[in-house]
$ cat final_29.cif   # mmCIF, C-alpha atoms
data_entry
loop_
_atom_site.label_atom_id
_atom_site.label_comp_id
_atom_site.auth_asym_id
_atom_site.auth_seq_id
_atom_site.Cartn_x
_atom_site.Cartn_y
_atom_site.Cartn_z
CA MET A 1 21.21 53.77 -89.53
CA GLU A 2 21.89 50.05 -89.51
CA LYS A 3 25.52 50.61 -90.57
CA LYS A 4 26.04 53.20 -87.80
CA TRP A 5 24.59 50.81 -85.24
CA SER A 6 26.72 48.00 -86.56
CA LYS A 7 29.82 50.19 -86.27
CA LYS A 8 28.94 51.17 -82.70
CA LYS A 9 28.27 47.54 -81.89
CA LYS A 10 31.67 46.52 -83.25
CA ILE A 11 33.37 49.25 -81.21
CA GLY A 12 31.49 48.11 -78.11
CA ILE A 13 32.47 44.48 -78.66
CA THR A 14 36.09 45.53 -79.20
CA ILE A 15 36.14 47.54 -75.93
CA VAL A 16 34.57 44.67 -74.00
CA SER A 17 37.09 42.27 -75.51
CA ILE A 18 39.99 44.52 -74.53
CA LEU A 19 38.66 44.90 -70.98
CA ALA A 20 38.13 41.16 -70.71
CA ALA A 21 41.71 40.58 -71.88
CA ILE A 22 43.04 43.06 -69.32
CA VAL A 23 41.05 41.38 -66.53
CA ALA A 24 42.31 37.99 -67.69
CA VAL A 25 45.92 39.17 -67.68
CA ILE A 26 45.53 40.70 -64.20
CA GLY A 27 43.96 37.45 -63.02
CA ILE A 28 46.85 35.44 -64.40
CA LEU A 29 49.41 37.78 -62.83
CA PHE A 30 47.81 37.53 -59.40
CA GLY A 31 46.99 33.86 -59.77
CA THR A 32 50.56 32.92 -60.66
CA GLY A 33 52.04 35.18 -58.00
CA VAL A 34 53.78 37.47 -60.49
CA ALA A 35 51.94 40.58 -59.29
CA ARG A 36 52.66 39.69 -55.67
CA THR A 37 56.33 39.33 -56.54
CA TRP A 38 56.29 42.80 -58.07
CA VAL A 39 54.73 44.29 -54.93
CA VAL A 40 57.17 42.53 -52.62
CA GLU A 41 60.23 43.37 -54.70
CA GLY A 42 59.10 46.97 -54.94
CA ALA A 43 58.74 47.21 -51.17
CA GLN A 44 62.04 45.49 -50.50
CA SER A 45 63.94 47.67 -52.96
CA SER A 46 62.36 50.93 -51.80
CA TYR A 47 64.37 50.88 -48.59
CA ILE A 48 67.55 51.04 -50.69
CA LYS A 49 66.43 54.47 -51.90
CA GLU A 50 65.70 55.45 -48.30
CA VAL A 51 69.20 54.40 -47.30
CA GLU A 52 70.59 56.51 -50.15
CA THR A 53 68.56 59.46 -48.84
CA ILE A 54 70.03 58.92 -45.37
CA SER A 55 73.51 59.23 -46.86
CA GLU A 56 72.66 62.15 -49.17
CA GLU A 57 71.19 64.17 -46.31
CA GLY A 58 74.03 63.33 -43.94
CA LEU A 59 71.81 61.49 -41.47
CA ASP A 60 74.42 58.73 -41.25
CA LYS A 61 76.81 61.28 -39.72
CA LEU A 62 74.44 62.27 -36.90
CA PHE A 63 74.80 61.11 -33.29
CA THR A 64 78.06 59.27 -33.89
CA GLU A 65 80.29 60.69 -31.16
CA ASN A 66 81.48 58.59 -28.20
CA LEU A 67 79.82 55.40 -29.38
CA THR A 68 80.97 51.87 -30.11
CA VAL A 69 79.07 50.17 -32.93
CA GLU A 70 79.21 46.47 -33.73
CA ASN A 71 77.38 45.63 -36.94
CA ASP A 72 75.80 42.44 -38.29
CA ILE A 73 76.01 40.20 -35.26
CA SER A 74 74.10 36.93 -35.72
CA TYR A 75 71.54 36.45 -32.96
CA PHE A 76 69.84 33.26 -34.20
CA GLU A 77 71.58 29.90 -34.48
CA ASP A 78 70.11 29.16 -37.92
CA GLY A 79 72.68 31.41 -39.60
CA ASN A 80 69.96 33.27 -41.48
CA GLU A 81 71.28 36.48 -43.06
CA ASN A 82 68.06 38.16 -41.97
CA THR A 83 68.63 37.48 -38.27
CA LYS A 84 71.45 39.87 -37.56
CA LEU A 85 71.64 42.89 -35.30
CA ASP A 86 73.67 46.03 -34.83
CA PHE A 87 74.78 46.73 -31.26
CA ILE A 88 75.43 50.33 -30.22
CA LEU A 89 77.06 51.20 -26.91
CA PRO A 90 77.92 54.54 -25.31
CA ASN A 91 81.60 54.85 -24.45
CA ASN A 92 83.16 55.43 -21.04
CA LEU A 93 80.09 54.78 -18.91
CA ASN A 94 81.12 52.98 -15.72
CA LYS A 95 77.71 51.55 -14.97
CA SER A 96 75.44 48.80 -16.20
CA LEU A 97 73.49 49.90 -19.25
CA PRO A 98 69.73 49.80 -19.75
CA VAL A 99 68.75 48.24 -23.07
CA ILE A 100 66.49 49.26 -25.96
CA VAL A 101 65.60 46.73 -28.65
CA ASN A 102 64.67 48.59 -31.85
CA VAL A 103 62.47 46.89 -34.50
CA HIS A 104 62.34 48.45 -37.98
CA GLY A 105 59.26 48.93 -40.16
CA GLY A 106 58.67 48.34 -43.85
CA GLY A 107 55.13 47.04 -44.16
CA LEU A 108 56.24 43.56 -43.00
CA ILE A 109 57.66 42.95 -46.49
CA GLY A 110 60.41 45.60 -46.75
CA GLY A 111 62.71 47.72 -44.63
CA ASP A 112 65.99 47.04 -42.90
CA LYS A 113 67.72 47.88 -39.61
CA SER A 114 69.80 50.52 -41.40
CA LEU A 115 66.70 52.72 -41.50
CA ASN A 116 66.70 52.84 -37.69
CA ALA A 117 70.44 53.31 -37.28
CA THR A 118 70.40 57.07 -36.68
CA GLN A 119 67.60 56.86 -34.12
CA SER A 120 69.41 53.96 -32.43
CA ARG A 121 72.57 56.05 -32.11
CA TYR A 122 70.51 58.86 -30.58
CA PHE A 123 69.19 56.45 -27.95
CA ALA A 124 72.73 55.18 -27.27
CA GLN A 125 73.93 58.73 -26.67
CA GLN A 126 71.27 58.99 -23.97
CA GLY A 127 73.02 56.18 -22.10
CA TYR A 128 71.39 53.05 -23.53
CA ALA A 129 72.78 49.91 -25.09
CA VAL A 130 70.74 49.60 -28.29
CA VAL A 131 70.00 46.36 -30.11
CA ASN A 132 68.88 47.29 -33.64
CA ILE A 133 67.57 44.14 -35.30
CA ASN A 134 66.67 42.67 -38.66
CA TYR A 135 64.13 39.87 -39.06
CA THR A 136 62.95 37.70 -41.93
CA ARG A 137 60.29 39.59 -43.87
CA MET A 138 57.08 38.31 -45.37
CA PRO A 139 56.19 36.41 -47.47
CA ASP A 140 59.36 34.42 -46.66
CA ALA A 141 58.32 34.28 -43.00
CA SER A 142 55.06 33.92 -41.09
CA TYR A 143 54.00 36.02 -38.12
CA LYS A 144 55.03 33.11 -35.91
CA GLN A 145 58.54 32.94 -37.35
CA ILE A 146 59.09 36.68 -37.05
CA ILE A 147 57.97 36.71 -33.41
CA GLN A 148 60.25 33.74 -32.68
CA GLU A 149 63.16 35.61 -34.25
CA ILE A 150 62.50 38.72 -32.17
CA TYR A 151 62.38 36.46 -29.11
CA ALA A 152 65.80 35.13 -30.12
CA SER A 153 67.16 38.68 -30.07
CA LEU A 154 65.98 39.01 -26.46
CA HIS A 155 67.77 35.77 -25.57
CA TRP A 156 70.89 37.22 -27.23
CA VAL A 157 70.61 40.18 -24.85
CA GLU A 158 70.30 37.78 -21.94
CA ASN A 159 73.26 35.66 -23.02
CA ASN A 160 75.49 38.70 -23.54
CA ALA A 161 74.44 40.74 -20.52
CA GLU A 162 77.49 39.93 -18.43
CA GLY A 163 80.02 40.57 -21.20
CA TYR A 164 78.57 43.96 -22.06
CA ASN A 165 77.46 44.93 -18.54
CA LEU A 166 73.79 45.17 -19.48
CA ASP A 167 71.12 46.02 -16.93
CA LEU A 168 68.48 43.34 -17.39
CA ASP A 169 66.20 45.08 -14.89
CA HIS A 170 65.72 47.83 -17.44
CA VAL A 171 65.04 46.42 -20.91
CA TYR A 172 62.63 48.14 -23.31
CA MET A 173 61.37 47.71 -26.87
CA THR A 174 60.49 50.24 -29.56
CA GLY A 175 59.34 49.84 -33.14
CA ASP A 176 57.94 51.91 -35.98
CA SER A 177 55.21 51.17 -38.52
CA ALA A 178 55.27 47.38 -39.06
CA GLY A 179 57.92 47.28 -36.34
CA GLY A 180 55.42 49.00 -34.05
CA MET A 181 52.91 46.31 -34.89
CA LEU A 182 55.43 43.58 -34.08
CA VAL A 183 56.38 45.27 -30.82
CA SER A 184 52.69 45.50 -29.86
CA ILE A 185 52.42 41.73 -30.48
CA MET A 186 55.59 41.11 -28.46
CA ALA A 187 54.06 43.06 -25.58
CA ALA A 188 51.15 40.62 -25.60
CA VAL A 189 53.12 37.40 -26.12
CA LEU A 190 55.74 38.21 -23.47
CA ASN A 191 52.90 38.72 -21.00
CA GLY A 192 50.58 36.18 -22.59
CA ASN A 193 48.54 33.33 -21.22
CA GLU A 194 49.48 29.68 -21.74
CA GLU A 195 47.54 29.41 -25.01
CA LEU A 196 49.36 32.37 -26.54
CA GLN A 197 52.84 31.29 -25.46
CA ASN A 198 52.25 27.69 -26.55
CA TYR A 199 51.05 28.84 -29.96
CA TYR A 200 54.23 30.82 -30.59
CA GLY A 201 56.38 28.06 -29.12
CA ILE A 202 58.59 30.40 -27.17
CA SER A 203 60.16 30.65 -23.74
CA ASN A 204 60.48 34.02 -22.09
CA PRO A 205 63.98 35.31 -21.33
CA GLY A 206 65.07 35.52 -17.72
CA PHE A 207 64.13 39.18 -17.52
CA GLU A 208 61.06 41.34 -18.04
CA VAL A 209 60.73 43.81 -20.88
CA LYS A 210 59.43 46.75 -18.88
CA LYS A 211 57.80 49.03 -21.45
CA PHE A 212 57.05 49.26 -25.16
CA ALA A 213 56.93 52.26 -27.52
CA LEU A 214 55.14 52.27 -30.88
CA THR A 215 55.82 54.90 -33.54
CA GLY A 216 53.16 55.28 -36.25
CA PRO A 217 52.20 51.63 -35.80
CA MET A 218 50.30 49.44 -38.21
CA VAL A 219 47.61 47.91 -36.02
CA GLY A 220 45.51 44.80 -36.52
CA THR A 221 45.98 42.02 -39.05
CA LYS A 222 42.40 42.25 -40.38
CA THR A 223 42.80 45.95 -41.11
CA LEU A 224 45.89 45.31 -43.19
CA VAL A 225 44.19 42.92 -45.57
CA ASP A 226 40.89 44.77 -45.88
CA PRO A 227 39.99 44.39 -49.59
CA ASP A 228 37.66 47.38 -49.38
CA ASN A 229 40.68 49.62 -48.79
CA VAL A 230 42.82 49.86 -51.92
CA VAL A 231 46.07 50.57 -50.05
CA ASN A 232 45.59 47.90 -47.41
CA GLY A 233 44.16 45.48 -49.94
CA VAL A 234 47.56 44.99 -51.54
CA PHE A 235 48.57 43.07 -48.43
CA HIS A 236 46.38 40.23 -49.68
CA PHE A 237 48.93 39.76 -52.43
CA ALA A 238 52.06 41.00 -50.70
CA LEU A 239 51.75 38.72 -47.68
CA GLY A 240 50.74 35.70 -49.72
CA LYS A 241 47.68 33.52 -49.32
CA ASP A 242 49.47 31.09 -47.00
CA ILE A 243 49.54 33.94 -44.49
CA TYR A 244 46.33 35.91 -45.03
CA ASN A 245 44.20 32.81 -45.58
CA ASN A 246 45.49 31.21 -42.37
CA GLU A 247 42.72 32.33 -40.03
CA GLU A 248 44.42 31.04 -36.89
CA ALA A 249 47.70 32.78 -37.72
CA MET A 250 45.92 36.05 -38.48
CA ASP A 251 43.90 35.84 -35.26
CA MET A 252 46.93 35.00 -33.14
CA ALA A 253 48.74 38.07 -34.48
CA ASP A 254 45.77 40.43 -34.20
CA ILE A 255 46.44 42.76 -31.27
CA TYR A 256 42.73 43.44 -30.84
CA GLN A 257 42.35 39.78 -29.89
CA LEU A 258 45.69 39.29 -28.18
CA VAL A 259 45.00 41.87 -25.48
CA ASP A 260 42.48 39.51 -23.89
CA LYS A 261 45.04 36.69 -23.95
CA SER A 262 47.62 38.64 -21.94
CA ASP A 263 48.27 40.87 -18.99
CA TYR A 264 48.93 43.68 -21.40
CA PRO A 265 51.70 46.03 -20.20
CA GLU A 266 52.00 49.80 -20.39
CA ILE A 267 52.82 51.12 -23.85
CA PHE A 268 53.48 54.49 -25.48
CA ILE A 269 51.92 55.28 -28.87
CA LEU A 270 53.13 58.27 -30.86
CA THR A 271 51.84 59.54 -34.18
CA THR A 272 50.97 62.67 -36.16
CA LYS A 273 47.84 63.64 -38.06
CA ASP A 274 50.15 64.26 -41.02
CA ASP A 275 50.62 60.49 -41.25
CA SER A 276 47.77 60.03 -43.68
CA ALA A 277 48.25 56.28 -44.03
CA PHE A 278 48.44 55.20 -40.39
CA TYR A 279 47.23 57.97 -38.06
CA TYR A 280 43.74 56.50 -37.98
CA GLN A 281 45.14 53.13 -36.91
CA ALA A 282 47.03 54.61 -33.95
CA ASP A 283 43.99 56.65 -32.94
CA LYS A 284 41.72 53.61 -33.15
CA PHE A 285 44.16 51.60 -31.01
CA ASP A 286 44.25 54.36 -28.40
CA LYS A 287 40.45 54.34 -28.16
CA PHE A 288 40.44 50.55 -27.91
CA LEU A 289 42.96 50.57 -25.03
CA ASN A 290 40.90 53.23 -23.27
CA GLU A 291 37.80 51.02 -23.55
CA LYS A 292 39.80 48.14 -22.08
CA ASN A 293 41.13 50.37 -19.27
CA ILE A 294 44.69 49.45 -20.24
CA LYS A 295 47.25 51.95 -19.02
CA HIS A 296 49.11 53.64 -21.85
CA GLN A 297 50.26 56.99 -23.18
CA TYR A 298 49.18 58.41 -26.52
CA LYS A 299 50.69 61.51 -28.08
CA VAL A 300 49.94 63.21 -31.39
CA TYR A 301 52.77 65.47 -32.58
CA GLU A 302 52.27 68.68 -34.54
CA SER A 303 54.63 70.39 -36.95
CA GLN A 304 57.02 73.03 -35.65
CA GLY A 305 58.12 73.91 -39.17
CA ASN A 306 58.83 70.54 -40.74
CA GLU A 307 56.45 68.52 -42.87
CA LEU A 308 55.82 65.59 -40.57
CA GLY A 309 54.80 62.27 -42.02
CA HIS A 310 54.99 58.58 -41.30
CA VAL A 311 57.59 57.69 -38.61
CA PHE A 312 59.14 61.17 -38.80
CA ASN A 313 61.17 60.65 -35.62
CA VAL A 314 62.87 57.61 -37.15
CA SER A 315 63.43 59.01 -40.63
CA TYR A 316 64.57 62.48 -39.53
CA PRO A 317 65.70 62.25 -35.90
CA ASP A 318 67.51 65.60 -36.12
CA TRP A 319 64.25 67.56 -36.50
CA GLU A 320 63.06 69.40 -33.39
CA GLU A 321 59.79 67.48 -33.49
CA SER A 322 61.72 64.21 -33.73
CA LYS A 323 64.08 65.10 -30.90
CA GLN A 324 61.04 65.79 -28.75
CA ALA A 325 59.35 62.53 -29.75
CA ASN A 326 62.47 60.43 -29.17
CA SER A 327 63.10 62.23 -25.89
CA ASP A 328 59.51 61.44 -24.90
CA ILE A 329 60.16 57.75 -25.59
CA ILE A 330 63.15 57.87 -23.21
CA SER A 331 61.10 59.73 -20.59
CA PHE A 332 58.36 57.13 -20.86
CA PHE A 333 60.84 54.31 -20.37
CA GLU A 334 62.43 56.00 -17.37
CA ALA A 335 59.22 57.09 -15.60
#

$ encode --input "final_29.cif" --output "structure tokens"
Amino acid sequence: MEKKWSKKKKIGITIVSILAAIVAVIGILFGTGVARTWVVEGAQSSYIKEVETISEEGLDKLFTENLTVENDISYFEDGNENTKLDFILPNNLNKSLPVIVNVHGGGLIGGDKSLNATQSRYFAQQGYAVVNINYTRMPDASYKQIIQEIYASLHWVENNAEGYNLDLDHVYMTGDSAGGMLVSIMAAVLNGNEELQNYYGISNPGFEVKKFALTGPMVGTKTLVDPDNVVNGVFHFALGKDIYNNEEAMDMADIYQLVDKSDYPEIFILTTKDDSAFYYQADKFDKFLNEKNIKHQYKVYESQGNELGHVFNVSYPDWEESKQANSDIISFFEA
């Protein structure tokens, strides 16, 4: 009996030792930033596979007729490779062109403007000049830096309006996922009080961005780093402690707090219940805006035969559901 107990005790000690070693290794990985690097690199490389899918499925061949495309234009004087834009213009239109600035997603740590290229061409074919931008991703940039870069893209529009015959009375912004989050912040900062504008250290362009559209947006900085949610909890490590431990930076990028610091403009939120990761965030934001009596539109799309998911209208703009969603964005801008 004593031998059996001794054997069980040894097994128990061995298991505990193994678990302790695993915990120690995990602690070291997170403590040294190795695990965070893995998460970030995984997110930043995943978009490469998405770009390959775009090519494999022929999405790069869609909506290409009668357009002029200028790729990789620097819009920020720092020469950063991340601050470049693609500019898409419809051909043979003898009128000034309204403008859409398109901001890609990627969880703030991944993604690239190439993911929004097909949707941007669709918008251009509807008669818009489209500015499809990159920005420096986290953890290499803070919220403040990213917002300042997006501001720089608006100043690029302003500085090039005459040369491209752009209609600065009709400028709009759209973004998906993390891009939707950034666009929601831009809506606040562009219309923000003195405290908000001073914090971001920006100056508004000489035109008003009229309306903002959010596709499957991530919403709220505190939600994204909620350690009680396994998926969102990874943002603690992906963003880096210099970002998520900076309470002021997190607060000044939290749309639920920014609304009260701005004359918040009209926005359009679109989502689908098939977006298991972010539908609840869009729905919560809609309810919040209703409570604040802030004018906005909110639309939940249902499948017409395709398996909808996160940012379906950006990833597969040739689907009937996507055409309807993207058409609804245009209709919202033009109303």

$ atom_distance --input "final_29.cif" --atom1 "CA of Thr64 in chain A" --atom2 "CA of Gln126 in chain A"
12.0 Å

$ resolve_selection --input "final_29.cif" --expression "the PyMOL selection byres ((chain A and resi 167) around 12)" --output "ChimeraX atom specification"
/A:95-100,127-130,157-158,160-166,168-172,207-210

$ atom_distance --input "final_29.cif" --atom1 "CA of Tyr280 in chain A" --atom2 "CA of Gln148 in chain A"
28.6 Å

$ atom_distance --input "final_29.cif" --atom1 "CA of Asp78 in chain A" --atom2 "CA of Glu149 in chain A"
10.2 Å

$ resolve_selection --input "final_29.cif" --expression "the PyMOL selection byres ((chain A and resi 81) around 9)" --output "count of residues only"
10

$ resolve_selection --input "final_29.cif" --expression "the PyMOL selection byres ((chain A and resi 315-318) around 8)" --output "PyMOL selection string"
chain A and resi 59+62+115-116+118-119+122+311-314+319-320+322-323+326

$ write_last_selection --input "final_29.cif" --atoms "C-alpha atoms" --output "compact mmCIF listing (two decimals), in the coordinates of the input"
# COMPACT_ATOMS: atom_id res chain seq x y z
CA LEU A 59 71.81 61.49 -41.47
CA LEU A 62 74.44 62.27 -36.90
CA LEU A 115 66.70 52.72 -41.50
CA ASN A 116 66.70 52.84 -37.69
CA THR A 118 70.40 57.07 -36.68
CA GLN A 119 67.60 56.86 -34.12
CA TYR A 122 70.51 58.86 -30.58
CA VAL A 311 57.59 57.69 -38.61
CA PHE A 312 59.14 61.17 -38.80
CA ASN A 313 61.17 60.65 -35.62
CA VAL A 314 62.87 57.61 -37.15
CA TRP A 319 64.25 67.56 -36.50
CA GLU A 320 63.06 69.40 -33.39
CA SER A 322 61.72 64.21 -33.73
CA LYS A 323 64.08 65.10 -30.90
CA ASN A 326 62.47 60.43 -29.17

$ residues_around --input "final_29.cif" --residues "Lys273 in chain A" --least-positions-apart "3" --cutoff "9 Å" --atoms "only C-alpha atoms" --output "PyMOL selection string"
chain A and resi 276+278-280+300-302+308-309

$ closest_residue --input "final_29.cif" --among "A:His155, A:Lys144, A:Arg137, A:Lys284" --to "Tyr256 in chain A" --atoms "all atoms listed in the file"
A:Lys284

$ build_atoms --input "final_29.cif" --residues "range 290-301 of chain A" --atoms "all heavy atoms" --output "mmCIF file, in the frame of the given file"
data_model
loop_
_atom_site.group_PDB
_atom_site.id
_atom_site.type_symbol
_atom_site.label_atom_id
_atom_site.label_comp_id
_atom_site.auth_asym_id
_atom_site.auth_seq_id
_atom_site.Cartn_x
_atom_site.Cartn_y
_atom_site.Cartn_z
ATOM 1 N N ASN A 290 41.693 52.489 -24.253
ATOM 2 C CA ASN A 290 40.900 53.230 -23.270
ATOM 3 C C ASN A 290 39.664 52.437 -22.856
ATOM 4 O O ASN A 290 39.312 52.368 -21.668
ATOM 5 C CB ASN A 290 40.468 54.585 -23.830
ATOM 6 C CG ASN A 290 41.592 55.599 -23.830
ATOM 7 O OD1 ASN A 290 42.501 55.537 -22.984
ATOM 8 N ND2 ASN A 290 41.561 56.543 -24.756
ATOM 9 N N GLU A 291 38.994 51.830 -23.839
ATOM 10 C CA GLU A 291 37.800 51.020 -23.550
ATOM 11 C C GLU A 291 38.144 49.829 -22.677
ATOM 12 O O GLU A 291 37.341 49.395 -21.848
ATOM 13 C CB GLU A 291 37.170 50.553 -24.856
ATOM 14 C CG GLU A 291 36.535 51.668 -25.683
ATOM 15 C CD GLU A 291 36.100 51.200 -27.059
ATOM 16 O OE1 GLU A 291 36.291 49.989 -27.361
ATOM 17 O OE2 GLU A 291 35.573 52.019 -27.832
ATOM 18 N N LYS A 292 39.354 49.298 -22.850
ATOM 19 C CA LYS A 292 39.800 48.140 -22.080
ATOM 20 C C LYS A 292 40.418 48.540 -20.736
ATOM 21 O O LYS A 292 40.817 47.679 -19.953
ATOM 22 C CB LYS A 292 40.833 47.346 -22.884
ATOM 23 C CG LYS A 292 40.281 46.613 -24.092
ATOM 24 C CD LYS A 292 39.493 45.386 -23.664
ATOM 25 C CE LYS A 292 39.062 44.549 -24.836
ATOM 26 N NZ LYS A 292 38.355 43.304 -24.405
ATOM 27 N N ASN A 293 40.503 49.854 -20.496
ATOM 28 C CA ASN A 293 41.130 50.370 -19.270
ATOM 29 C C ASN A 293 42.562 49.888 -19.110
ATOM 30 O O ASN A 293 43.013 49.543 -18.010
ATOM 31 C CB ASN A 293 40.300 49.968 -18.036
ATOM 32 C CG ASN A 293 38.940 50.635 -18.014
ATOM 33 O OD1 ASN A 293 38.824 51.839 -18.270
ATOM 34 N ND2 ASN A 293 37.904 49.864 -17.723
ATOM 35 N N ILE A 294 43.279 49.841 -20.253
ATOM 36 C CA ILE A 294 44.690 49.450 -20.240
ATOM 37 C C ILE A 294 45.549 50.705 -20.192
ATOM 38 O O ILE A 294 45.436 51.584 -21.059
ATOM 39 C CB ILE A 294 45.025 48.595 -21.466
ATOM 40 C CG1 ILE A 294 44.282 47.254 -21.391
ATOM 41 C CG2 ILE A 294 46.528 48.369 -21.574
ATOM 42 C CD1 ILE A 294 44.441 46.390 -22.613
ATOM 43 N N LYS A 295 46.412 50.776 -19.214
ATOM 44 C CA LYS A 295 47.250 51.950 -19.020
ATOM 45 C C LYS A 295 48.193 52.138 -20.208
ATOM 46 O O LYS A 295 48.887 51.198 -20.623
ATOM 47 C CB LYS A 295 48.060 51.809 -17.730
ATOM 48 C CG LYS A 295 48.870 53.048 -17.379
ATOM 49 C CD LYS A 295 49.600 52.846 -16.052
ATOM 50 C CE LYS A 295 50.404 54.086 -15.678
ATOM 51 N NZ LYS A 295 51.141 53.889 -14.405
ATOM 52 N N HIS A 296 48.211 53.340 -20.741
ATOM 53 C CA HIS A 296 49.110 53.640 -21.850
ATOM 54 C C HIS A 296 49.196 55.155 -22.018
ATOM 55 O O HIS A 296 48.420 55.910 -21.423
ATOM 56 C CB HIS A 296 48.605 53.006 -23.155
ATOM 57 C CG HIS A 296 47.324 53.605 -23.668
ATOM 58 N ND1 HIS A 296 46.107 53.398 -23.067
ATOM 59 C CD2 HIS A 296 47.076 54.428 -24.729
ATOM 60 C CE1 HIS A 296 45.153 54.042 -23.720
ATOM 61 N NE2 HIS A 296 45.724 54.688 -24.729
ATOM 62 N N GLN A 297 50.151 55.575 -22.823
ATOM 63 C CA GLN A 297 50.260 56.990 -23.180
ATOM 64 C C GLN A 297 50.084 57.123 -24.692
ATOM 65 O O GLN A 297 50.540 56.254 -25.457
ATOM 66 C CB GLN A 297 51.602 57.563 -22.753
ATOM 67 C CG GLN A 297 51.783 57.640 -21.237
ATOM 68 C CD GLN A 297 53.075 58.325 -20.836
ATOM 69 O OE1 GLN A 297 53.592 59.196 -21.548
ATOM 70 N NE2 GLN A 297 53.612 57.951 -19.693
ATOM 71 N N TYR A 298 49.448 58.182 -25.090
ATOM 72 C CA TYR A 298 49.180 58.410 -26.520
ATOM 73 C C TYR A 298 49.463 59.877 -26.807
ATOM 74 O O TYR A 298 48.918 60.763 -26.146
ATOM 75 C CB TYR A 298 47.723 58.070 -26.831
ATOM 76 C CG TYR A 298 47.293 58.366 -28.256
ATOM 77 C CD1 TYR A 298 47.912 57.753 -29.346
ATOM 78 C CD2 TYR A 298 46.237 59.250 -28.509
ATOM 79 C CE1 TYR A 298 47.497 58.012 -30.641
ATOM 80 C CE2 TYR A 298 45.809 59.511 -29.799
ATOM 81 C CZ TYR A 298 46.436 58.890 -30.867
ATOM 82 O OH TYR A 298 46.028 59.151 -32.151
ATOM 83 N N LYS A 299 50.335 60.124 -27.775
ATOM 84 C CA LYS A 299 50.690 61.510 -28.080
ATOM 85 C C LYS A 299 50.696 61.740 -29.581
ATOM 86 O O LYS A 299 51.283 60.964 -30.338
ATOM 87 C CB LYS A 299 52.063 61.861 -27.491
ATOM 88 C CG LYS A 299 52.389 63.348 -27.590
ATOM 89 C CD LYS A 299 53.536 63.742 -26.689
ATOM 90 C CE LYS A 299 53.788 65.257 -26.761
ATOM 91 N NZ LYS A 299 54.896 65.676 -25.868
ATOM 92 N N VAL A 300 50.019 62.817 -29.979
ATOM 93 C CA VAL A 300 49.940 63.210 -31.390
ATOM 94 C C VAL A 300 50.797 64.462 -31.566
ATOM 95 O O VAL A 300 50.544 65.492 -30.932
ATOM 96 C CB VAL A 300 48.488 63.497 -31.806
ATOM 97 C CG1 VAL A 300 48.435 63.892 -33.273
ATOM 98 C CG2 VAL A 300 47.595 62.291 -31.537
ATOM 99 N N TYR A 301 51.818 64.379 -32.417
ATOM 100 C CA TYR A 301 52.770 65.470 -32.580
ATOM 101 C C TYR A 301 52.350 66.388 -33.730
ATOM 102 O O TYR A 301 51.834 65.932 -34.754
ATOM 103 C CB TYR A 301 54.184 64.922 -32.836
ATOM 104 C CG TYR A 301 54.741 64.238 -31.610
ATOM 105 C CD1 TYR A 301 54.382 62.921 -31.317
ATOM 106 C CD2 TYR A 301 55.577 64.904 -30.723
ATOM 107 C CE1 TYR A 301 54.854 62.286 -30.178
ATOM 108 C CE2 TYR A 301 56.063 64.285 -29.589
ATOM 109 C CZ TYR A 301 55.689 62.974 -29.320
ATOM 110 O OH TYR A 301 56.152 62.360 -28.185
#
